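**Student:** Sharing protein_35.cif below, mmCIF, C-alpha atoms and all ligand atoms:
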```
data_query
#
loop_
_atom_site.label_atom_id
_atom_site.label_comp_id
_atom_site.auth_asym_id
_atom_site.auth_seq_id
_atom_site.Cartn_x
_atom_site.Cartn_y
_atom_site.Cartn_z
CA MET A 184 47.74 75.46 118.68
CA LYS A 185 45.99 75.69 122.04
CA VAL A 186 42.84 77.82 122.00
CA GLY A 187 41.03 78.97 125.14
CA ILE A 188 37.44 80.09 124.64
CA LEU A 189 35.56 82.04 127.31
CA GLY A 190 31.96 81.02 126.80
CA SER A 191 29.49 78.14 126.94
CA GLY A 192 26.97 79.41 124.37
CA ASP A 193 26.45 78.74 120.67
CA VAL A 194 29.35 80.98 119.61
CA ALA A 195 31.85 79.23 121.89
CA LYS A 196 30.70 75.80 120.77
CA ALA A 197 30.65 76.67 117.03
CA LEU A 198 34.15 78.17 117.14
CA GLY A 199 35.38 75.37 119.41
CA THR A 200 34.15 72.77 116.93
CA GLY A 201 35.77 74.69 114.07
CA PHE A 202 39.16 74.83 115.81
CA VAL A 203 38.96 71.14 116.79
CA THR A 204 38.06 70.17 113.20
CA LEU A 205 41.19 72.02 112.06
CA GLY A 206 43.28 69.96 114.52
CA HIS A 207 43.71 72.47 117.35
CA GLU A 208 43.21 71.78 121.05
CA VAL A 209 40.41 73.77 122.66
CA CYS A 210 39.37 74.50 126.26
CA LEU A 211 35.89 75.98 126.73
CA GLY A 212 35.50 78.03 129.91
CA SER A 213 32.44 78.93 131.95
CA ARG A 214 31.71 80.55 135.32
CA THR A 215 31.22 77.03 136.67
CA VAL A 216 33.69 74.21 136.19
CA ASP A 217 31.04 71.57 135.42
CA ASN A 218 28.71 73.49 133.09
CA PRO A 219 26.68 70.74 131.30
CA LYS A 220 26.77 72.74 128.02
CA THR A 221 30.56 72.70 127.79
CA VAL A 222 30.91 69.19 129.21
CA ASP A 223 28.47 67.83 126.57
CA TRP A 224 30.30 69.71 123.83
CA ALA A 225 33.65 68.21 124.85
CA LYS A 226 32.25 64.67 124.61
CA GLY A 227 31.94 65.09 120.82
CA THR A 228 35.50 66.26 120.20
CA ASN A 229 37.52 63.02 120.16
CA GLY A 230 39.60 64.18 123.09
CA LYS A 231 40.62 67.48 121.43
CA GLY A 232 38.23 69.53 123.56
CA SER A 233 38.35 70.12 127.30
CA THR A 234 36.40 72.29 129.73
CA GLY A 235 36.95 74.34 132.86
CA THR A 236 36.41 77.76 134.32
CA PHE A 237 37.06 81.05 132.55
CA ALA A 238 40.44 81.04 134.33
CA ASP A 239 41.25 77.53 133.06
CA ALA A 240 40.40 78.49 129.47
CA ALA A 241 42.45 81.70 129.62
CA ALA A 242 45.47 79.90 131.07
CA PHE A 243 45.17 77.15 128.43
CA GLY A 244 44.95 79.38 125.37
CA GLU A 245 47.89 80.58 123.31
CA VAL A 246 45.07 82.33 121.49
CA ILE A 247 41.99 83.30 123.52
CA VAL A 248 38.45 83.88 122.23
CA LEU A 249 35.93 86.10 124.04
CA ALA A 250 32.47 84.54 123.48
CA THR A 251 30.58 85.84 126.49
CA LEU A 252 27.44 87.94 126.89
CA GLY A 253 28.69 91.24 125.47
CA THR A 254 28.26 93.65 128.37
CA ALA A 255 29.35 90.97 130.90
CA THR A 256 32.69 90.42 129.13
CA PRO A 257 34.77 92.67 131.44
CA ASP A 258 33.40 90.69 134.41
CA ALA A 259 34.28 87.42 132.65
CA VAL A 260 37.87 88.49 131.98
CA ARG A 261 38.27 89.68 135.59
CA LEU A 262 37.01 86.28 136.76
CA ALA A 263 39.53 84.65 134.41
CA GLY A 264 42.42 86.81 135.66
CA VAL A 265 43.56 89.69 133.47
CA SER A 266 47.27 88.77 133.50
CA LYS A 267 46.51 85.43 131.80
CA PHE A 268 45.79 87.41 128.61
CA ASP A 269 49.04 89.39 128.62
CA GLY A 270 50.83 89.34 125.25
CA LYS A 271 48.25 87.01 123.69
CA VAL A 272 46.03 87.41 120.64
CA VAL A 273 42.41 87.74 121.81
CA ILE A 274 39.60 87.23 119.28
CA ASP A 275 36.62 89.33 120.36
CA THR A 276 33.28 88.01 119.02
CA THR A 277 31.13 90.00 121.42
CA ASN A 278 28.34 92.50 120.82
CA PRO A 279 26.94 94.76 123.58
CA LEU A 280 23.33 93.76 123.04
CA ALA A 281 20.51 95.29 125.06
CA PHE A 282 17.50 92.99 125.07
CA SER A 283 13.93 94.14 125.54
CA ALA A 284 10.70 92.19 125.97
CA GLN A 285 9.66 92.89 122.37
CA GLY A 286 11.50 93.48 119.14
CA THR A 287 15.06 92.93 118.03
CA PRO A 288 18.00 93.73 120.33
CA SER A 289 19.71 97.11 120.17
CA LEU A 290 23.21 98.21 121.22
CA ALA A 291 23.74 99.11 124.90
CA ILE A 292 26.66 101.37 123.89
CA GLY A 293 27.95 102.85 120.61
CA HIS A 294 28.98 105.96 118.63
CA THR A 295 31.54 107.11 121.23
CA THR A 296 32.77 103.71 122.41
CA SER A 297 32.16 100.01 121.79
CA GLN A 298 32.45 96.63 123.48
CA GLY A 299 35.68 96.04 121.56
CA GLU A 300 37.24 99.17 123.07
CA VAL A 301 35.90 98.34 126.54
CA ASN A 302 37.36 94.82 126.25
CA GLN A 303 40.75 96.13 125.04
CA LYS A 304 40.84 98.54 128.03
CA ALA A 305 40.03 95.65 130.37
CA LEU A 306 42.96 93.70 128.83
CA PRO A 307 45.62 96.41 128.41
CA LYS A 308 48.50 94.02 127.62
CA ALA A 309 46.55 91.75 125.24
CA HIS A 310 46.05 92.22 121.50
CA VAL A 311 42.28 92.30 120.98
CA VAL A 312 40.99 91.72 117.45
CA LYS A 313 37.28 92.02 116.72
CA ALA A 314 36.10 89.19 114.42
CA PHE A 315 33.17 86.85 113.79
CA ASN A 316 30.71 89.34 115.38
CA ILE A 317 28.89 90.31 112.15
CA THR A 318 27.15 87.04 111.33
CA GLY A 319 25.36 84.17 113.06
CA ASN A 320 27.30 81.27 114.52
CA ALA A 321 25.91 78.83 111.92
CA ASN A 322 27.99 80.72 109.33
CA PHE A 323 31.31 80.76 111.22
CA PHE A 324 32.94 77.63 109.82
CA ARG A 325 33.33 76.98 106.09
CA PRO A 326 30.68 79.53 105.08
CA THR A 327 29.18 78.68 101.70
CA PHE A 328 26.54 80.76 99.97
CA ALA A 329 24.92 80.50 96.55
CA ASN A 330 25.99 84.08 95.67
CA GLY A 331 29.69 83.66 96.40
CA PRO A 332 32.02 84.01 99.39
CA PRO A 333 31.12 86.47 102.18
CA ASP A 334 33.47 89.10 103.68
CA MET A 335 34.60 89.09 107.30
CA TYR A 336 35.52 92.45 108.80
CA ILE A 337 38.15 92.73 111.53
CA CYS A 338 39.72 95.56 113.52
CA GLY A 339 42.31 95.89 116.27
CA ASN A 340 45.36 97.89 117.32
CA ASP A 341 48.12 95.32 116.68
CA ALA A 342 49.08 94.51 113.08
CA ALA A 343 50.70 91.14 113.88
CA ALA A 344 47.65 90.02 115.89
CA LYS A 345 45.38 90.95 113.00
CA LYS A 346 47.57 88.92 110.60
CA LYS A 347 47.24 85.91 112.90
CA VAL A 348 43.45 86.29 113.08
CA GLU A 349 43.29 86.74 109.29
CA LYS A 350 45.12 83.39 108.91
CA ILE A 351 42.66 81.75 111.33
CA LEU A 352 39.75 83.19 109.33
CA HIS A 353 41.24 81.85 106.08
CA ASP A 354 41.57 78.42 107.73
CA PHE A 355 37.90 78.67 108.79
CA GLY A 356 36.98 79.31 105.13
CA TRP A 357 36.69 83.12 105.06
CA SER A 358 38.62 83.87 101.86
CA SER A 359 37.99 87.63 102.11
CA VAL A 360 39.00 89.49 105.29
CA LEU A 361 38.65 93.29 105.39
CA ASP A 362 40.75 95.11 108.03
CA ILE A 363 39.13 98.47 108.92
CA GLY A 364 41.84 99.70 111.31
CA GLY A 365 42.05 100.15 115.09
CA ILE A 366 39.80 98.62 117.74
CA GLU A 367 37.52 101.70 117.61
CA GLY A 368 36.23 100.19 114.35
CA SER A 369 34.20 97.95 116.68
CA ARG A 370 31.68 100.81 116.78
CA GLU A 371 30.81 100.09 113.15
CA LEU A 372 31.19 96.30 113.36
CA GLU A 373 28.94 96.01 116.42
CA SER A 374 26.30 98.08 114.60
CA LEU A 375 26.59 95.63 111.70
CA CYS A 376 25.50 92.89 114.10
CA ILE A 377 22.16 94.66 114.57
CA LEU A 378 21.85 95.11 110.80
CA TRP A 379 22.54 91.40 110.39
CA VAL A 380 19.87 90.42 112.97
CA LYS A 381 17.25 92.67 111.36
CA SER A 382 18.16 91.39 107.87
CA ALA A 383 17.99 87.75 108.96
CA ILE A 384 14.64 88.22 110.68
CA GLY A 385 13.26 90.21 107.74
CA LEU A 386 14.34 87.55 105.25
CA GLY A 387 13.38 84.67 107.54
CA ASN A 388 16.85 83.25 106.83
CA PHE A 389 19.73 83.13 109.33
CA ARG A 390 22.16 81.68 106.77
CA VAL A 391 23.09 85.14 105.52
CA ALA A 392 26.32 87.15 105.66
CA PHE A 393 27.67 90.44 104.32
CA ARG A 394 29.58 90.92 101.07
CA LEU A 395 30.94 94.23 99.75
CA LEU A 396 30.43 94.50 95.99
CA ARG A 397 33.54 95.48 94.01
CA ALA A 398 33.75 97.18 90.62
N1 LIG B 1 24.75 83.88 118.83
C1 LIG B 1 25.37 84.21 117.71
O1 LIG B 1 25.16 83.61 116.64
C2 LIG B 1 26.38 85.34 117.75
C3 LIG B 1 27.05 85.69 116.57
C4 LIG B 1 28.06 86.66 116.62
C5 LIG B 1 28.40 87.25 117.83
N2 LIG B 1 27.71 86.90 118.96
C6 LIG B 1 28.15 87.47 120.24
O2 LIG B 1 28.96 86.46 120.84
C7 LIG B 1 28.82 86.46 122.27
C8 LIG B 1 28.39 85.07 122.74
O3 LIG B 1 27.09 84.80 122.24
P1 LIG B 1 26.31 83.45 122.61
O4 LIG B 1 24.98 83.57 121.96
O5 LIG B 1 27.16 82.26 122.29
O6 LIG B 1 26.20 83.43 124.19
P2 LIG B 1 25.60 84.45 125.27
O7 LIG B 1 24.34 83.87 125.81
O8 LIG B 1 25.54 85.84 124.72
O9 LIG B 1 26.73 84.39 126.42
C9 LIG B 1 26.89 83.24 127.15
C10 LIG B 1 28.17 83.33 127.95
O10 LIG B 1 28.20 84.56 128.69
C11 LIG B 1 28.54 84.25 130.07
N3 LIG B 1 27.91 85.19 130.97
C12 LIG B 1 26.58 85.52 131.04
N4 LIG B 1 26.37 86.41 132.05
C13 LIG B 1 27.59 86.62 132.63
C14 LIG B 1 28.02 87.42 133.73
N5 LIG B 1 27.16 88.19 134.45
N6 LIG B 1 29.34 87.41 134.05
C15 LIG B 1 30.22 86.65 133.35
N7 LIG B 1 29.86 85.85 132.30
C16 LIG B 1 28.56 85.85 131.94
C17 LIG B 1 27.98 82.85 130.27
O11 LIG B 1 28.65 82.26 131.36
P3 LIG B 1 28.33 80.75 131.83
O12 LIG B 1 29.12 79.89 130.91
O13 LIG B 1 28.82 80.71 133.22
O14 LIG B 1 26.86 80.56 131.70
C18 LIG B 1 28.28 82.19 128.95
O15 LIG B 1 29.59 81.66 128.93
C19 LIG B 1 27.82 87.57 122.59
O16 LIG B 1 28.52 88.73 122.96
C20 LIG B 1 27.06 87.76 121.27
O17 LIG B 1 26.55 89.07 121.12
C21 LIG B 1 26.71 85.98 118.94
#
```
Could you quickly redo this structure as structure tokens?

**Tutor:**
Amino acid sequence: MKVGILGSGDVAKALGTGFVTLGHEVCLGSRTVDNPKTVDWAKGTNGKGSTGTFADAAAFGEVIVLATLGTATPDAVRLAGVSKFDGKVVIDTTNPLAFSAQGTPSLAIGHTTSQGEVNQKALPKAHVVKAFNITGNANFFRPTFANGPPDMYICGNDAAAKKKVEKILHDFGWSSVLDIGGIEGSRELESLCILWVKSAIGLGNFRVAFRLLRA
């Protein structure tokens, strides 16, 4: 499968490496065609990884991942060209973080909307599925924890797209995937990101993830 990833940060590189390890071809996109972060990443991929602009990555991907600064994501997809996403499954990892000089980040939006909903509106003919946003990038691929397997939550409006993302998550090592419904579920999942950050800082351990206990 060809995967286009919009992003040059840790999330893009961690997911890109995961997809390449599973045998997929990956193009990492940035605002600039020669971003040293993506170019360096591609050097370690045995020819399975390539780089380009956001537009190059979106055109390349049969599946597209959004891994851009949360609130800048609509700008990134406009730079890429909205029609390049039409009919495709789009994995949305983004959180609308608002950073301040001190303390942990908060959400720039929430309760009545979410970045997931904003991104789906920006890509009206794509099938956006929120995933991977509730834990740190070090836990994305083959997550192993002493207390058992973690849960990954997803949401989105298209059932077939969610099935495809669930299969990708299983391939990445997430044995338990919980589907909480339409893309408006991003309101809860993006809040979970803040809970994860505060938990990780409080515990002094970023190798943590959520698990729902079952009777
Ligand atoms: N870090 C984590 O462990 C983690 C875990 C889960 C979810 N997330 C979420 O995943 C997303 C990516 O996180 P990250 O830490 O890898 O990277 P990030 O620093 O949040 O985002 C970097 C990317 O955003 C792009 N960008 C920044 N400003 C932009 C603008 N004004 N217009 C268009 N694009 C812009 C950058 O473009 P250039 O390539 O041109 O620089 C770069 O590709 C975020 O939404 C974050 O909240 C992060």

**Student:** Report, in Å with one decimal, the straight-line distance from atom CA of Gly244 of chain A to atom CA of Asp223 of chain A.

**Tutor:**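 Result for atom CA of Gly244 of chain A versus atom CA of Asp223 of chain A: 20.2 Å, one decimal.
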
**Student:** Just the residues within 7 Å of Ile317 of chain A, please, counting all atoms listed in the file, with nothing from its chain fewer than 2 positions along; format it as number ranges by chain.

**Tutor:** A: 315, 372, 375-376, 379

**Student:** Which of these residues is nearest to ligand LIG 1 (chain B), using all atoms listed in the file: A:Ala383, A:Val209, A:Val186, A:Val246?

**Tutor:** A:Ala383

**Student:** Please provide as an NGL selection string all residues within 6 Å of segment 194-205 of chain A, with the sequence filter that same-chain residues fewer than 3 positions apart are discarded (counting only C-alpha atoms).

**Tutor:** :A and (190-191 or 250 or 320 or 324)

**Student:** Output, as JSON, the centre and edge lengths in Å (one decimal) of the axis-aligned box that contains all listed atoms of ligand LIG 1 (chain B) with 3 Å of margin on each side.

**Tutor:**
```
{"center_x": 27.3, "center_y": 84.5, "center_z": 125.5, "size_x": 11.9, "size_y": 15.2, "size_z": 23.9}
```

**Student:** So what do you get for atom CA of Arg325 of chain A versus atom CA of Trp357 of chain A, distance-wise?

**Tutor:**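 That distance, rounded to one decimal, is 7.1 Å.
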
**Student:** Using all atoms listed in the file, which residues sit within 8 Å of Asp217 of chain A once same-chain residues fewer than 2 positions away are excluded, as a list in words?

**Tutor:**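 My reading of the contact set: Thr215, Pro219, Thr221, Val222, Thr234 and Gly235 of chain A.
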
**Student:** How far is it from atom CA of Lys231 of chain A to atom CA of Ser359 of chain A, in Å with one decimal?

**Tutor:** 28.0 Å

**Student:** Could you report the residues within 9 Å of ligand LIG 1 (chain B), using all atoms listed in the file, as number ranges by chain?

**Tutor:** A: 189-197, 211-216, 218, 220-221, 236-237, 249-262, 275-280, 298, 314-323, 373, 376

**Student:** Can you list, as a compact mmCIF listing (two decimals) with C-alpha atoms, keeping the file's coordinate frame, every protein, DNA or RNA residue that comes within 8 Å of segment 337-348 of chain A when you count all atoms listed in the file, leaving out same-chain residues fewer than 4 positions away?

**Tutor:**
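Listing of around21.txt after writing:
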```txt
# COMPACT_ATOMS: atom_id res chain seq x y z
CA VAL A 272 46.03 87.41 120.64
CA ILE A 274 39.60 87.23 119.28
CA HIS A 310 46.05 92.22 121.50
CA VAL A 311 42.28 92.30 120.98
CA VAL A 312 40.99 91.72 117.45
CA LYS A 313 37.28 92.02 116.72
CA ALA A 314 36.10 89.19 114.42
CA LEU A 352 39.75 83.19 109.33
CA VAL A 360 39.00 89.49 105.29
CA LEU A 361 38.65 93.29 105.39
CA ASP A 362 40.75 95.11 108.03
CA ILE A 363 39.13 98.47 108.92
CA GLY A 364 41.84 99.70 111.31
CA GLY A 365 42.05 100.15 115.09
CA ILE A 366 39.80 98.62 117.74
CA GLU A 367 37.52 101.70 117.61
CA GLY A 368 36.23 100.19 114.35
CA SER A 369 34.20 97.95 116.68
```

**Student:** Reconstruct N, CA, C and O atoms of segment 247-264 of chain A from the incomplete input and present them as a PDB file, keeping the file's coordinate frame.

**Tutor:**
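New file rebuild-v2.pdb:
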```pdb
ATOM      1  N   ILE A 247      43.203  83.326 122.684  1.00  0.00           N
ATOM      2  CA  ILE A 247      41.990  83.300 123.520  1.00  0.00           C
ATOM      3  C   ILE A 247      40.830  83.947 122.749  1.00  0.00           C
ATOM      4  O   ILE A 247      41.026  84.958 122.065  1.00  0.00           O
ATOM      5  N   VAL A 248      39.658  83.335 122.866  1.00  0.00           N
ATOM      6  CA  VAL A 248      38.450  83.880 122.230  1.00  0.00           C
ATOM      7  C   VAL A 248      37.509  84.373 123.327  1.00  0.00           C
ATOM      8  O   VAL A 248      37.254  83.650 124.308  1.00  0.00           O
ATOM      9  N   LEU A 249      36.980  85.581 123.149  1.00  0.00           N
ATOM     10  CA  LEU A 249      35.930  86.100 124.040  1.00  0.00           C
ATOM     11  C   LEU A 249      34.585  85.795 123.390  1.00  0.00           C
ATOM     12  O   LEU A 249      34.273  86.331 122.316  1.00  0.00           O
ATOM     13  N   ALA A 250      33.791  84.918 124.018  1.00  0.00           N
ATOM     14  CA  ALA A 250      32.470  84.540 123.480  1.00  0.00           C
ATOM     15  C   ALA A 250      31.453  84.567 124.610  1.00  0.00           C
ATOM     16  O   ALA A 250      30.692  83.621 124.810  1.00  0.00           O
ATOM     17  N   THR A 251      31.466  85.667 125.329  1.00  0.00           N
ATOM     18  CA  THR A 251      30.580  85.840 126.490  1.00  0.00           C
ATOM     19  C   THR A 251      29.518  86.896 126.181  1.00  0.00           C
ATOM     20  O   THR A 251      29.677  87.701 125.252  1.00  0.00           O
ATOM     21  N   LEU A 252      28.467  86.894 126.986  1.00  0.00           N
ATOM     22  CA  LEU A 252      27.440  87.940 126.890  1.00  0.00           C
ATOM     23  C   LEU A 252      28.158  89.280 126.818  1.00  0.00           C
ATOM     24  O   LEU A 252      28.971  89.601 127.689  1.00  0.00           O
ATOM     25  N   GLY A 253      27.861  90.074 125.759  1.00  0.00           N
ATOM     26  CA  GLY A 253      28.690  91.240 125.470  1.00  0.00           C
ATOM     27  C   GLY A 253      29.032  92.112 126.660  1.00  0.00           C
ATOM     28  O   GLY A 253      30.208  92.268 127.019  1.00  0.00           O
ATOM     29  N   THR A 254      28.010  92.676 127.311  1.00  0.00           N
ATOM     30  CA  THR A 254      28.260  93.650 128.370  1.00  0.00           C
ATOM     31  C   THR A 254      28.848  93.002 129.629  1.00  0.00           C
ATOM     32  O   THR A 254      29.376  93.708 130.488  1.00  0.00           O
ATOM     33  N   ALA A 255      28.777  91.672 129.741  1.00  0.00           N
ATOM     34  CA  ALA A 255      29.350  90.970 130.900  1.00  0.00           C
ATOM     35  C   ALA A 255      30.807  90.576 130.656  1.00  0.00           C
ATOM     36  O   ALA A 255      31.446  90.014 131.556  1.00  0.00           O
ATOM     37  N   THR A 256      31.342  90.896 129.476  1.00  0.00           N
ATOM     38  CA  THR A 256      32.690  90.420 129.130  1.00  0.00           C
ATOM     39  C   THR A 256      33.776  90.941 130.072  1.00  0.00           C
ATOM     40  O   THR A 256      34.653  90.168 130.490  1.00  0.00           O
ATOM     41  N   PRO A 257      33.751  92.233 130.480  1.00  0.00           N
ATOM     42  CA  PRO A 257      34.770  92.670 131.440  1.00  0.00           C
ATOM     43  C   PRO A 257      34.724  91.877 132.752  1.00  0.00           C
ATOM     44  O   PRO A 257      35.775  91.583 133.338  1.00  0.00           O
ATOM     45  N   ASP A 258      33.515  91.514 133.200  1.00  0.00           N
ATOM     46  CA  ASP A 258      33.400  90.690 134.410  1.00  0.00           C
ATOM     47  C   ASP A 258      34.015  89.300 134.159  1.00  0.00           C
ATOM     48  O   ASP A 258      34.693  88.749 135.024  1.00  0.00           O
ATOM     49  N   ALA A 259      33.747  88.755 132.974  1.00  0.00           N
ATOM     50  CA  ALA A 259      34.280  87.420 132.650  1.00  0.00           C
ATOM     51  C   ALA A 259      35.803  87.429 132.633  1.00  0.00           C
ATOM     52  O   ALA A 259      36.442  86.506 133.166  1.00  0.00           O
ATOM     53  N   VAL A 260      36.406  88.475 132.048  1.00  0.00           N
ATOM     54  CA  VAL A 260      37.870  88.490 131.980  1.00  0.00           C
ATOM     55  C   VAL A 260      38.479  88.746 133.368  1.00  0.00           C
ATOM     56  O   VAL A 260      39.554  88.228 133.682  1.00  0.00           O
ATOM     57  N   ARG A 261      37.766  89.501 134.215  1.00  0.00           N
ATOM     58  CA  ARG A 261      38.270  89.680 135.590  1.00  0.00           C
ATOM     59  C   ARG A 261      38.205  88.357 136.353  1.00  0.00           C
ATOM     60  O   ARG A 261      39.126  88.005 137.096  1.00  0.00           O
ATOM     61  N   LEU A 262      37.098  87.605 136.134  1.00  0.00           N
ATOM     62  CA  LEU A 262      37.010  86.280 136.760  1.00  0.00           C
ATOM     63  C   LEU A 262      38.133  85.370 136.275  1.00  0.00           C
ATOM     64  O   LEU A 262      38.669  84.552 137.040  1.00  0.00           O
ATOM     65  N   ALA A 263      38.468  85.492 134.992  1.00  0.00           N
ATOM     66  CA  ALA A 263      39.530  84.650 134.410  1.00  0.00           C
ATOM     67  C   ALA A 263      40.906  85.026 134.956  1.00  0.00           C
ATOM     68  O   ALA A 263      41.776  84.150 135.100  1.00  0.00           O
ATOM     69  N   GLY A 264      41.096  86.316 135.242  1.00  0.00           N
ATOM     70  CA  GLY A 264      42.420  86.810 135.660  1.00  0.00           C
ATOM     71  C   GLY A 264      43.079  87.534 134.513  1.00  0.00           C
ATOM     72  O   GLY A 264      43.549  86.885 133.555  1.00  0.00           O
TER      73      GLY A 264
END
```
